[in-house]
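What follows is a set of notes on a single structure, which appears directly below.
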Amino acid sequence: MFSAQMEYSDQVLEPFLSSETINFHYGKHHVGYANTLNSLIKETEFHKLPLEQIIIQSRSKHPKIFNNASQLFNHNFYWKCLKKACNAPSGKLLSLINKQFGSFDKFLEDYITFAGTMFGSGWSWLVEENGKLKFLNTSNAENPIGSDAHALCVIDLWEHAYYIDYRNNRADYISKIVTNCINWNFCESLLTI
Ligand code: MN
């Protein structure tokens with residue numbers, strides 16, 4: 001049985017994300033994906049597979065299972081990427097950022113701009129591919145699992161992630177989260193180089 005993973009209290013990301021947002025986002029959407037996935041895979045070949053394998057093996061063959069498995073993975077990952085007192089990147093991650101973007105501020109600006117180009121529901125990722133950092137936007141439930149791109153960070157761009165707090169101002173949500181709420185230590189710990 002899969003469960004929705006989130007390890008902090010509802011208020012921890014205020015004022016950037018309200019407890020009402022976290023409550024609905026985690027309690028209704030995220031938990032919903034876990035429950036639906038558990039009932040969809042019961043007595044199928046996906047039962048007992050690790051989540052990443054379910055994503056890879058259901059992609060393009062079993063859309064309902066793929067969507068719920070991917071949304072479960074994406075939300076588990078999203079909450080891990082967020083932290084209130086955002087730490088600046090250091091070590092290898094900072095070296096890569098400086099090499100490719102010139103500075104941390106320029107990197108943040110580019111991530112915010114890139115995420116802002118996403119049309120419709122989806123996710124904006126920071127990935128590592130062949131030793132390089134890249135931004136990647138994916139639609140609906142899609143993610144980089146099973147590709148050469150290795151996820152380091154993600155921002156949820158579905159309306160349910162920001163509408164309670166930011167209404168239609170998605171750009172403000174992206175900017176506030178990327179600037180104030182990313183756990184860069186966690187992202188760095190995922191580097192494969
Ligand atoms: Mn979401």
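A note on labels: chains of the structure tokens are A, B, ... as shown, every chain counts residues from 1, and ligands are counted from 1 in their shown order.
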
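The contact shell of ligand 1, defined as all polymer residues within 10 Å when only C-alpha atoms and all ligand atoms are used, comprises A:Ile22, A:Phe24, A:His25, A:Tyr26, A:Lys28, A:His29, A:His30, A:Tyr33, A:Gln71, A:Leu72, A:Asn74, A:His75, A:Asn76, A:Tyr78, A:Trp79, A:Ser121, A:Gly122, A:Trp123, A:Asn140, A:Ala141, A:Ile155, A:Asp156, A:Leu157, A:Trp158, A:Glu159, A:His160, A:Ala161, A:Tyr162.
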
Take the residues from that selection and put them in a file with N, CA and C atoms, as a CSV table (one decimal), in the first residue's frame.
```csv
chain,number,residue,atom,x,y,z
A,22,ILE,N,-2.0,23.9,2.2
A,22,ILE,CA,-1.3,22.6,2.5
A,22,ILE,C,-2.4,21.6,2.8
A,24,PHE,N,-5.5,21.3,1.9
A,24,PHE,CA,-6.3,20.9,0.7
A,24,PHE,C,-5.4,20.1,-0.2
A,25,HIS,N,-4.2,20.7,-0.4
A,25,HIS,CA,-3.2,20.1,-1.4
A,25,HIS,C,-2.8,18.7,-1.0
A,26,TYR,N,-2.4,18.6,0.3
A,26,TYR,CA,-2.0,17.3,0.8
A,26,TYR,C,-3.2,16.4,1.1
A,28,LYS,N,-6.4,16.5,0.3
A,28,LYS,CA,-7.4,16.1,-0.7
A,28,LYS,C,-6.7,15.6,-2.0
A,29,HIS,N,-5.8,16.4,-2.5
A,29,HIS,CA,-5.2,15.9,-3.8
A,29,HIS,C,-4.2,14.8,-3.7
A,30,HIS,N,-3.2,15.1,-2.8
A,30,HIS,CA,-2.1,14.1,-2.7
A,30,HIS,C,-2.6,12.8,-2.1
A,33,TYR,N,-4.5,10.8,-4.7
A,33,TYR,CA,-3.7,10.0,-5.7
A,33,TYR,C,-3.2,8.7,-5.1
A,71,GLN,N,1.5,11.2,-10.2
A,71,GLN,CA,1.1,12.3,-9.3
A,71,GLN,C,1.5,12.0,-7.8
A,72,LEU,N,1.5,10.8,-7.4
A,72,LEU,CA,1.9,10.4,-6.1
A,72,LEU,C,3.4,10.7,-5.9
A,74,ASN,N,5.3,12.7,-7.8
A,74,ASN,CA,5.6,14.1,-7.9
A,74,ASN,C,5.3,14.9,-6.6
A,75,HIS,N,4.2,14.6,-6.0
A,75,HIS,CA,3.8,15.3,-4.7
A,75,HIS,C,4.7,14.9,-3.6
A,76,ASN,N,5.1,13.6,-3.5
A,76,ASN,CA,6.0,13.2,-2.4
A,76,ASN,C,7.3,14.0,-2.6
A,78,TYR,N,7.8,16.9,-4.3
A,78,TYR,CA,7.5,18.4,-4.2
A,78,TYR,C,7.7,18.8,-2.7
A,79,TRP,N,7.0,18.1,-1.8
A,79,TRP,CA,7.1,18.5,-0.4
A,79,TRP,C,8.5,18.4,0.1
A,121,SER,N,-1.7,22.8,-16.7
A,121,SER,CA,-1.3,22.0,-15.5
A,121,SER,C,0.0,21.2,-15.7
A,122,GLY,N,0.8,21.2,-14.7
A,122,GLY,CA,2.1,20.4,-14.9
A,122,GLY,C,3.1,20.8,-13.8
A,123,TRP,N,4.3,20.5,-14.1
A,123,TRP,CA,5.4,20.6,-13.1
A,123,TRP,C,6.6,21.2,-13.7
A,140,ASN,N,0.7,17.9,-17.1
A,140,ASN,CA,-0.2,17.0,-16.3
A,140,ASN,C,0.6,16.2,-15.3
A,141,ALA,N,0.6,14.8,-15.4
A,141,ALA,CA,1.3,14.0,-14.4
A,141,ALA,C,2.8,13.7,-14.8
A,155,ILE,N,8.6,22.2,-8.9
A,155,ILE,CA,7.5,23.1,-8.5
A,155,ILE,C,6.2,22.6,-9.1
A,156,ASP,N,5.2,22.5,-8.2
A,156,ASP,CA,3.9,22.1,-8.7
A,156,ASP,C,3.2,23.3,-9.4
A,157,LEU,N,2.8,23.1,-10.6
A,157,LEU,CA,2.2,24.2,-11.4
A,157,LEU,C,0.7,24.0,-11.6
A,158,TRP,N,0.1,23.0,-11.0
A,158,TRP,CA,-1.3,22.8,-11.1
A,158,TRP,C,-2.0,24.0,-10.3
A,159,GLU,N,-3.2,24.4,-10.7
A,159,GLU,CA,-3.9,25.5,-10.0
A,159,GLU,C,-4.1,25.2,-8.5
A,160,HIS,N,-4.3,23.9,-8.2
A,160,HIS,CA,-4.6,23.6,-6.8
A,160,HIS,C,-3.4,24.0,-5.9
A,161,ALA,N,-2.2,24.1,-6.5
A,161,ALA,CA,-1.0,24.4,-5.7
A,161,ALA,C,-1.0,25.8,-5.2
A,162,TYR,N,-1.7,26.7,-5.9
A,162,TYR,CA,-1.5,28.2,-5.6
A,162,TYR,C,-2.8,29.0,-5.5
```

Residue set, segment 57-144 of chain A restricted to helix (DSSP H, G or I), as a PyMOL selection string: chain A and resi 57-58+63-81+91-101+104-116

With a distance cut-off of 12 Å and only C-alpha atoms, select the neighbouring residues of segment 13-20 of chain A, excluding the residue or stretch itself and same-chain residues fewer than 5 positions from it, and output the selection as an mmCIF file with all heavy atoms, in the first residue's frame.
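Saved as part21.cif:
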```cif
data_model
loop_
_atom_site.group_PDB
_atom_site.id
_atom_site.type_symbol
_atom_site.label_atom_id
_atom_site.label_comp_id
_atom_site.auth_asym_id
_atom_site.auth_seq_id
_atom_site.Cartn_x
_atom_site.Cartn_y
_atom_site.Cartn_z
ATOM 1 N N TYR A 8 5.939 17.571 7.296
ATOM 2 C CA TYR A 8 5.890 18.741 8.170
ATOM 3 C C TYR A 8 4.459 19.184 8.434
ATOM 4 O O TYR A 8 3.529 18.705 7.812
ATOM 5 C CB TYR A 8 6.745 19.884 7.631
ATOM 6 C CG TYR A 8 6.700 20.090 6.147
ATOM 7 C CD1 TYR A 8 5.608 20.674 5.539
ATOM 8 C CD2 TYR A 8 7.778 19.703 5.341
ATOM 9 C CE1 TYR A 8 5.586 20.882 4.170
ATOM 10 C CE2 TYR A 8 7.755 19.901 3.981
ATOM 11 C CZ TYR A 8 6.659 20.487 3.398
ATOM 12 O OH TYR A 8 6.627 20.687 2.051
ATOM 13 N N HIS A 25 -4.164 20.667 -0.417
ATOM 14 C CA HIS A 25 -3.250 20.090 -1.395
ATOM 15 C C HIS A 25 -2.809 18.693 -0.957
ATOM 16 O O HIS A 25 -2.866 17.736 -1.722
ATOM 17 C CB HIS A 25 -2.039 21.022 -1.565
ATOM 18 C CG HIS A 25 -1.256 20.770 -2.806
ATOM 19 N ND1 HIS A 25 -0.246 21.589 -3.233
ATOM 20 C CD2 HIS A 25 -1.332 19.783 -3.735
ATOM 21 C CE1 HIS A 25 0.258 21.115 -4.359
ATOM 22 N NE2 HIS A 25 -0.375 20.019 -4.676
ATOM 23 N N TYR A 26 -2.381 18.610 0.306
ATOM 24 C CA TYR A 26 -1.962 17.304 0.822
ATOM 25 C C TYR A 26 -3.178 16.407 1.080
ATOM 26 O O TYR A 26 -3.271 15.287 0.554
ATOM 27 C CB TYR A 26 -1.134 17.465 2.104
ATOM 28 C CG TYR A 26 -0.851 16.127 2.751
ATOM 29 C CD1 TYR A 26 0.100 15.274 2.208
ATOM 30 C CD2 TYR A 26 -1.580 15.700 3.871
ATOM 31 C CE1 TYR A 26 0.329 14.014 2.755
ATOM 32 C CE2 TYR A 26 -1.351 14.443 4.428
ATOM 33 C CZ TYR A 26 -0.399 13.607 3.857
ATOM 34 O OH TYR A 26 -0.189 12.373 4.396
ATOM 35 N N GLY A 27 -4.107 16.919 1.885
ATOM 36 C CA GLY A 27 -5.205 16.079 2.384
ATOM 37 C C GLY A 27 -6.190 15.629 1.330
ATOM 38 O O GLY A 27 -6.732 14.519 1.425
ATOM 39 N N LYS A 28 -6.442 16.466 0.325
ATOM 40 C CA LYS A 28 -7.416 16.095 -0.720
ATOM 41 C C LYS A 28 -6.714 15.556 -1.964
ATOM 42 O O LYS A 28 -6.988 14.442 -2.410
ATOM 43 C CB LYS A 28 -8.287 17.296 -1.119
ATOM 44 C CG LYS A 28 -9.002 17.965 0.031
ATOM 45 C CD LYS A 28 -10.127 17.098 0.590
ATOM 46 C CE LYS A 28 -10.833 17.802 1.737
ATOM 47 N NZ LYS A 28 -11.640 16.877 2.546
ATOM 48 N N TRP A 79 7.006 18.054 -1.815
ATOM 49 C CA TRP A 79 7.069 18.453 -0.391
ATOM 50 C C TRP A 79 8.497 18.366 0.135
ATOM 51 O O TRP A 79 8.905 19.154 0.980
ATOM 52 C CB TRP A 79 6.143 17.599 0.473
ATOM 53 C CG TRP A 79 4.696 17.655 0.104
ATOM 54 C CD1 TRP A 79 3.890 16.587 -0.202
ATOM 55 C CD2 TRP A 79 3.840 18.819 0.015
ATOM 56 N NE1 TRP A 79 2.615 17.021 -0.494
ATOM 57 C CE2 TRP A 79 2.551 18.378 -0.359
ATOM 58 C CE3 TRP A 79 4.055 20.182 0.210
ATOM 59 C CZ2 TRP A 79 1.478 19.251 -0.541
ATOM 60 C CZ3 TRP A 79 2.997 21.057 0.023
ATOM 61 C CH2 TRP A 79 1.727 20.592 -0.343
ATOM 62 N N CYS A 81 11.136 19.011 -1.507
ATOM 63 C CA CYS A 81 11.909 20.131 -2.071
ATOM 64 C C CYS A 81 11.652 21.439 -1.345
ATOM 65 O O CYS A 81 12.403 22.393 -1.514
ATOM 66 C CB CYS A 81 11.562 20.324 -3.550
ATOM 67 S SG CYS A 81 12.102 18.967 -4.587
ATOM 68 N N LEU A 82 10.572 21.510 -0.579
ATOM 69 C CA LEU A 82 10.189 22.777 0.053
ATOM 70 C C LEU A 82 10.673 22.865 1.492
ATOM 71 O O LEU A 82 10.637 21.886 2.235
ATOM 72 C CB LEU A 82 8.667 22.949 0.032
ATOM 73 C CG LEU A 82 8.000 22.950 -1.347
ATOM 74 C CD1 LEU A 82 6.510 23.240 -1.206
ATOM 75 C CD2 LEU A 82 8.647 23.960 -2.274
ATOM 76 N N LYS A 83 11.100 24.046 1.867
ATOM 77 C CA LYS A 83 11.544 24.291 3.231
ATOM 78 C C LYS A 83 11.385 25.775 3.516
ATOM 79 O O LYS A 83 11.673 26.588 2.640
ATOM 80 C CB LYS A 83 13.014 23.880 3.366
ATOM 81 C CG LYS A 83 13.531 23.939 4.766
ATOM 82 C CD LYS A 83 14.963 23.457 4.833
ATOM 83 C CE LYS A 83 15.456 23.623 6.252
ATOM 84 N NZ LYS A 83 16.787 23.090 6.448
ATOM 85 N N LYS A 84 10.934 26.117 4.707
ATOM 86 C CA LYS A 84 10.656 27.521 5.018
ATOM 87 C C LYS A 84 11.909 28.403 4.977
ATOM 88 O O LYS A 84 12.007 29.294 4.162
ATOM 89 C CB LYS A 84 9.977 27.623 6.379
ATOM 90 C CG LYS A 84 9.812 29.030 6.909
ATOM 91 C CD LYS A 84 8.706 29.782 6.192
ATOM 92 C CE LYS A 84 8.398 31.073 6.925
ATOM 93 N NZ LYS A 84 7.653 30.855 8.166
ATOM 94 N N ALA A 85 12.845 28.148 5.823
ATOM 95 C CA ALA A 85 14.051 28.972 5.844
ATOM 96 C C ALA A 85 15.000 28.408 4.805
ATOM 97 O O ALA A 85 15.819 27.562 5.078
ATOM 98 C CB ALA A 85 14.678 28.950 7.221
ATOM 99 N N CYS A 86 14.830 28.900 3.611
ATOM 100 C CA CYS A 86 15.547 28.335 2.470
ATOM 101 C C CYS A 86 17.042 28.550 2.607
ATOM 102 O O CYS A 86 17.515 29.663 2.805
ATOM 103 C CB CYS A 86 14.976 28.977 1.215
ATOM 104 S SG CYS A 86 16.082 29.463 -0.051
ATOM 105 N N HIS A 160 -4.339 23.947 -8.198
ATOM 106 C CA HIS A 160 -4.622 23.644 -6.789
ATOM 107 C C HIS A 160 -3.422 23.957 -5.885
ATOM 108 O O HIS A 160 -3.570 24.069 -4.687
ATOM 109 C CB HIS A 160 -5.089 22.184 -6.602
ATOM 110 C CG HIS A 160 -4.066 21.148 -6.929
ATOM 111 N ND1 HIS A 160 -4.296 20.097 -7.797
ATOM 112 C CD2 HIS A 160 -2.793 20.965 -6.507
ATOM 113 C CE1 HIS A 160 -3.221 19.338 -7.883
ATOM 114 N NE2 HIS A 160 -2.298 19.843 -7.105
ATOM 115 N N ALA A 161 -2.227 24.104 -6.473
ATOM 116 C CA ALA A 161 -1.029 24.392 -5.676
ATOM 117 C C ALA A 161 -0.985 25.842 -5.204
ATOM 118 O O ALA A 161 -0.322 26.154 -4.217
ATOM 119 C CB ALA A 161 0.229 24.071 -6.486
ATOM 120 N N TYR A 162 -1.675 26.737 -5.936
ATOM 121 C CA TYR A 162 -1.523 28.159 -5.607
ATOM 122 C C TYR A 162 -2.817 28.964 -5.541
ATOM 123 O O TYR A 162 -2.817 30.102 -5.079
ATOM 124 C CB TYR A 162 -0.560 28.831 -6.598
ATOM 125 C CG TYR A 162 -1.008 28.768 -8.046
ATOM 126 C CD1 TYR A 162 -1.869 29.728 -8.581
ATOM 127 C CD2 TYR A 162 -0.584 27.735 -8.878
ATOM 128 C CE1 TYR A 162 -2.283 29.664 -9.905
ATOM 129 C CE2 TYR A 162 -0.987 27.660 -10.206
ATOM 130 C CZ TYR A 162 -1.845 28.633 -10.720
ATOM 131 O OH TYR A 162 -2.257 28.562 -12.032
ATOM 132 N N TYR A 163 -3.944 28.418 -5.996
ATOM 133 C CA TYR A 163 -5.126 29.261 -6.188
ATOM 134 C C TYR A 163 -5.688 29.849 -4.894
ATOM 135 O O TYR A 163 -6.173 30.971 -4.888
ATOM 136 C CB TYR A 163 -6.209 28.508 -6.971
ATOM 137 C CG TYR A 163 -6.787 29.394 -8.059
ATOM 138 C CD1 TYR A 163 -6.132 29.530 -9.279
ATOM 139 C CD2 TYR A 163 -7.937 30.141 -7.844
ATOM 140 C CE1 TYR A 163 -6.618 30.374 -10.268
ATOM 141 C CE2 TYR A 163 -8.431 30.991 -8.832
ATOM 142 C CZ TYR A 163 -7.765 31.108 -10.039
ATOM 143 O OH TYR A 163 -8.246 31.955 -11.005
ATOM 144 N N ILE A 164 -5.620 29.119 -3.801
ATOM 145 C CA ILE A 164 -6.149 29.645 -2.533
ATOM 146 C C ILE A 164 -5.353 30.874 -2.087
ATOM 147 O O ILE A 164 -5.916 31.872 -1.651
ATOM 148 C CB ILE A 164 -6.119 28.549 -1.428
ATOM 149 C CG1 ILE A 164 -7.123 27.441 -1.750
ATOM 150 C CG2 ILE A 164 -6.388 29.163 -0.048
ATOM 151 C CD1 ILE A 164 -7.008 26.220 -0.850
ATOM 152 N N ASP A 165 -4.040 30.827 -2.253
ATOM 153 C CA ASP A 165 -3.177 31.917 -1.767
ATOM 154 C C ASP A 165 -2.889 32.986 -2.806
ATOM 155 O O ASP A 165 -2.718 34.161 -2.460
ATOM 156 C CB ASP A 165 -1.822 31.349 -1.299
ATOM 157 C CG ASP A 165 -1.977 30.385 -0.145
ATOM 158 O OD1 ASP A 165 -2.898 30.589 0.669
ATOM 159 O OD2 ASP A 165 -1.189 29.429 -0.064
ATOM 160 N N TYR A 166 -2.785 32.617 -4.057
ATOM 161 C CA TYR A 166 -2.329 33.568 -5.086
ATOM 162 C C TYR A 166 -3.377 33.828 -6.161
ATOM 163 O O TYR A 166 -3.125 34.589 -7.088
ATOM 164 C CB TYR A 166 -1.041 33.038 -5.750
ATOM 165 C CG TYR A 166 0.130 32.905 -4.807
ATOM 166 C CD1 TYR A 166 0.326 31.732 -4.060
ATOM 167 C CD2 TYR A 166 1.044 33.942 -4.626
ATOM 168 C CE1 TYR A 166 1.392 31.608 -3.175
ATOM 169 C CE2 TYR A 166 2.117 33.829 -3.755
ATOM 170 C CZ TYR A 166 2.292 32.655 -3.027
ATOM 171 O OH TYR A 166 3.353 32.536 -2.164
ATOM 172 N N ASP A 172 3.527 35.048 -9.358
ATOM 173 C CA ASP A 172 3.917 35.439 -8.004
ATOM 174 C C ASP A 172 4.205 34.196 -7.154
ATOM 175 O O ASP A 172 5.171 34.156 -6.390
ATOM 176 C CB ASP A 172 2.799 36.287 -7.379
ATOM 177 C CG ASP A 172 3.242 36.967 -6.087
ATOM 178 O OD1 ASP A 172 4.447 37.301 -5.975
ATOM 179 O OD2 ASP A 172 2.396 37.162 -5.190
ATOM 180 N N TYR A 173 3.351 33.176 -7.296
ATOM 181 C CA TYR A 173 3.585 31.899 -6.591
ATOM 182 C C TYR A 173 4.944 31.318 -6.978
ATOM 183 O O TYR A 173 5.758 30.982 -6.111
ATOM 184 C CB TYR A 173 2.449 30.922 -6.943
ATOM 185 C CG TYR A 173 2.766 29.448 -6.779
ATOM 186 C CD1 TYR A 173 2.818 28.849 -5.519
ATOM 187 C CD2 TYR A 173 2.993 28.642 -7.897
ATOM 188 C CE1 TYR A 173 3.094 27.485 -5.376
ATOM 189 C CE2 TYR A 173 3.262 27.278 -7.763
ATOM 190 C CZ TYR A 173 3.315 26.707 -6.502
ATOM 191 O OH TYR A 173 3.587 25.368 -6.364
ATOM 192 N N ILE A 174 5.224 31.242 -8.264
ATOM 193 C CA ILE A 174 6.500 30.658 -8.722
ATOM 194 C C ILE A 174 7.665 31.444 -8.138
ATOM 195 O O ILE A 174 8.602 30.869 -7.563
ATOM 196 C CB ILE A 174 6.581 30.660 -10.271
ATOM 197 C CG1 ILE A 174 5.548 29.696 -10.871
ATOM 198 C CG2 ILE A 174 7.991 30.282 -10.741
ATOM 199 C CD1 ILE A 174 5.377 29.823 -12.382
ATOM 200 N N SER A 175 7.593 32.755 -8.251
ATOM 201 C CA SER A 175 8.683 33.603 -7.786
ATOM 202 C C SER A 175 8.896 33.471 -6.269
ATOM 203 O O SER A 175 10.030 33.325 -5.796
ATOM 204 C CB SER A 175 8.359 35.044 -8.178
ATOM 205 O OG SER A 175 9.202 35.918 -7.509
ATOM 206 N N LYS A 176 7.800 33.478 -5.499
ATOM 207 C CA LYS A 176 7.911 33.381 -4.034
ATOM 208 C C LYS A 176 8.489 32.022 -3.622
ATOM 209 O O LYS A 176 9.328 31.941 -2.731
ATOM 210 C CB LYS A 176 6.542 33.570 -3.384
ATOM 211 C CG LYS A 176 5.983 34.979 -3.526
ATOM 212 C CD LYS A 176 6.177 35.762 -2.234
ATOM 213 C CE LYS A 176 5.886 37.251 -2.388
ATOM 214 N NZ LYS A 176 4.560 37.559 -2.887
ATOM 215 N N ILE A 177 8.018 30.958 -4.252
ATOM 216 C CA ILE A 177 8.482 29.621 -3.877
ATOM 217 C C ILE A 177 9.945 29.423 -4.259
ATOM 218 O O ILE A 177 10.769 28.998 -3.441
ATOM 219 C CB ILE A 177 7.593 28.528 -4.531
ATOM 220 C CG1 ILE A 177 6.152 28.618 -4.025
ATOM 221 C CG2 ILE A 177 8.164 27.128 -4.282
ATOM 222 C CD1 ILE A 177 5.983 28.463 -2.536
ATOM 223 N N VAL A 178 10.276 29.763 -5.495
ATOM 224 C CA VAL A 178 11.655 29.543 -5.956
ATOM 225 C C VAL A 178 12.635 30.393 -5.142
ATOM 226 O O VAL A 178 13.729 29.951 -4.800
ATOM 227 C CB VAL A 178 11.777 29.837 -7.473
ATOM 228 C CG1 VAL A 178 13.239 29.860 -7.912
ATOM 229 C CG2 VAL A 178 11.002 28.800 -8.275
ATOM 230 N N THR A 179 12.226 31.603 -4.786
ATOM 231 C CA THR A 179 13.131 32.511 -4.061
ATOM 232 C C THR A 179 13.235 32.187 -2.570
ATOM 233 O O THR A 179 14.284 32.384 -1.968
ATOM 234 C CB THR A 179 12.640 33.974 -4.214
ATOM 235 O OG1 THR A 179 12.409 34.224 -5.599
ATOM 236 C CG2 THR A 179 13.665 34.958 -3.702
ATOM 237 N N ASN A 180 12.129 31.691 -1.984
ATOM 238 C CA ASN A 180 12.093 31.575 -0.507
ATOM 239 C C ASN A 180 11.960 30.181 0.077
ATOM 240 O O ASN A 180 12.173 29.997 1.267
ATOM 241 C CB ASN A 180 10.914 32.403 0.043
ATOM 242 C CG ASN A 180 11.005 33.850 -0.313
ATOM 243 O OD1 ASN A 180 11.859 34.568 0.211
ATOM 244 N ND2 ASN A 180 10.153 34.289 -1.220
ATOM 245 N N CYS A 181 11.537 29.213 -0.710
ATOM 246 C CA CYS A 181 11.103 27.944 -0.105
ATOM 247 C C CYS A 181 11.766 26.683 -0.636
ATOM 248 O O CYS A 181 11.255 25.590 -0.403
ATOM 249 C CB CYS A 181 9.593 27.771 -0.292
ATOM 250 S SG CYS A 181 8.622 29.051 0.476
ATOM 251 N N ILE A 182 12.857 26.789 -1.356
ATOM 252 C CA ILE A 182 13.467 25.555 -1.874
ATOM 253 C C ILE A 182 14.559 25.067 -0.921
ATOM 254 O O ILE A 182 15.418 25.837 -0.491
ATOM 255 C CB ILE A 182 14.070 25.756 -3.282
ATOM 256 C CG1 ILE A 182 13.005 26.255 -4.269
ATOM 257 C CG2 ILE A 182 14.691 24.441 -3.782
ATOM 258 C CD1 ILE A 182 11.882 25.300 -4.547
ATOM 259 N N ASN A 183 14.514 23.786 -0.630
ATOM 260 C CA ASN A 183 15.524 23.160 0.218
ATOM 261 C C ASN A 183 16.716 22.741 -0.663
ATOM 262 O O ASN A 183 16.781 21.625 -1.151
ATOM 263 C CB ASN A 183 14.914 21.942 0.918
ATOM 264 C CG ASN A 183 15.872 21.315 1.908
ATOM 265 O OD1 ASN A 183 17.051 21.690 1.972
ATOM 266 N ND2 ASN A 183 15.371 20.376 2.685
#
```

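Residue nearest His62 of chain A, chosen from A:Cys187, A:Leu49, A:Ile97, A:Leu40 and counting only C-alpha atoms: A:Leu40.
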
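Every residue of segment 24-174 of chain A with a DSSP assignment of strand (DSSP E or B), taken from the backbone, is listed as Leu82, Gly122, Trp123, Ser124, Trp125, Leu126, Val127, Glu128, Glu129, Lys132, Leu133, Lys134, Phe135, Leu136, Asn137, Thr138, Ser139, His150, Ala151, Leu152, Cys153, Val154, Ile155 and Asp156 of chain A.
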
Could you write out the selected residues, including C-alpha atoms, as an mmCIF file, in the first residue's frame?
```cif
data_model
loop_
_atom_site.group_PDB
_atom_site.id
_atom_site.type_symbol
_atom_site.label_atom_id
_atom_site.label_comp_id
_atom_site.auth_asym_id
_atom_site.auth_seq_id
_atom_site.Cartn_x
_atom_site.Cartn_y
_atom_site.Cartn_z
ATOM 1 C CA LEU A 82 10.189 22.777 0.053
ATOM 2 C CA GLY A 122 2.061 20.443 -14.864
ATOM 3 C CA TRP A 123 5.396 20.582 -13.112
ATOM 4 C CA SER A 124 8.590 22.600 -13.452
ATOM 5 C CA TRP A 125 11.714 20.564 -12.715
ATOM 6 C CA LEU A 126 15.380 21.197 -12.139
ATOM 7 C CA VAL A 127 17.183 18.111 -13.411
ATOM 8 C CA GLU A 128 20.725 16.903 -13.810
ATOM 9 C CA GLU A 129 21.477 15.348 -17.178
ATOM 10 C CA LYS A 132 24.637 19.462 -16.378
ATOM 11 C CA LEU A 133 21.743 21.305 -14.778
ATOM 12 C CA LYS A 134 18.640 21.765 -16.923
ATOM 13 C CA PHE A 135 15.112 23.068 -16.482
ATOM 14 C CA LEU A 136 12.271 20.864 -17.684
ATOM 15 C CA ASN A 137 8.516 21.503 -17.737
ATOM 16 C CA THR A 138 6.187 18.498 -17.920
ATOM 17 C CA SER A 139 2.436 18.483 -18.539
ATOM 18 C CA HIS A 150 17.648 13.005 -12.902
ATOM 19 C CA ALA A 151 15.220 15.090 -10.827
ATOM 20 C CA LEU A 152 16.715 17.518 -8.283
ATOM 21 C CA CYS A 153 13.780 19.856 -7.622
ATOM 22 C CA VAL A 154 10.172 20.429 -8.685
ATOM 23 C CA ILE A 155 7.513 23.136 -8.470
ATOM 24 C CA ASP A 156 3.856 22.084 -8.706
#
```

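Across the model, the gap from atom CA of Ala149 of chain A to atom CA of Asn130 of chain A is 7.9 Å.
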
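Closest approach to Thr192 of chain A among A:Ile65, A:Gly146, A:Thr21, A:Lys92 is made by A:Lys92 (distances from only C-alpha atoms).
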
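The gap separating atom CA of Glu142 of chain A from atom CA of Glu43 of chain A is 24.6 Å, in Å to one decimal.
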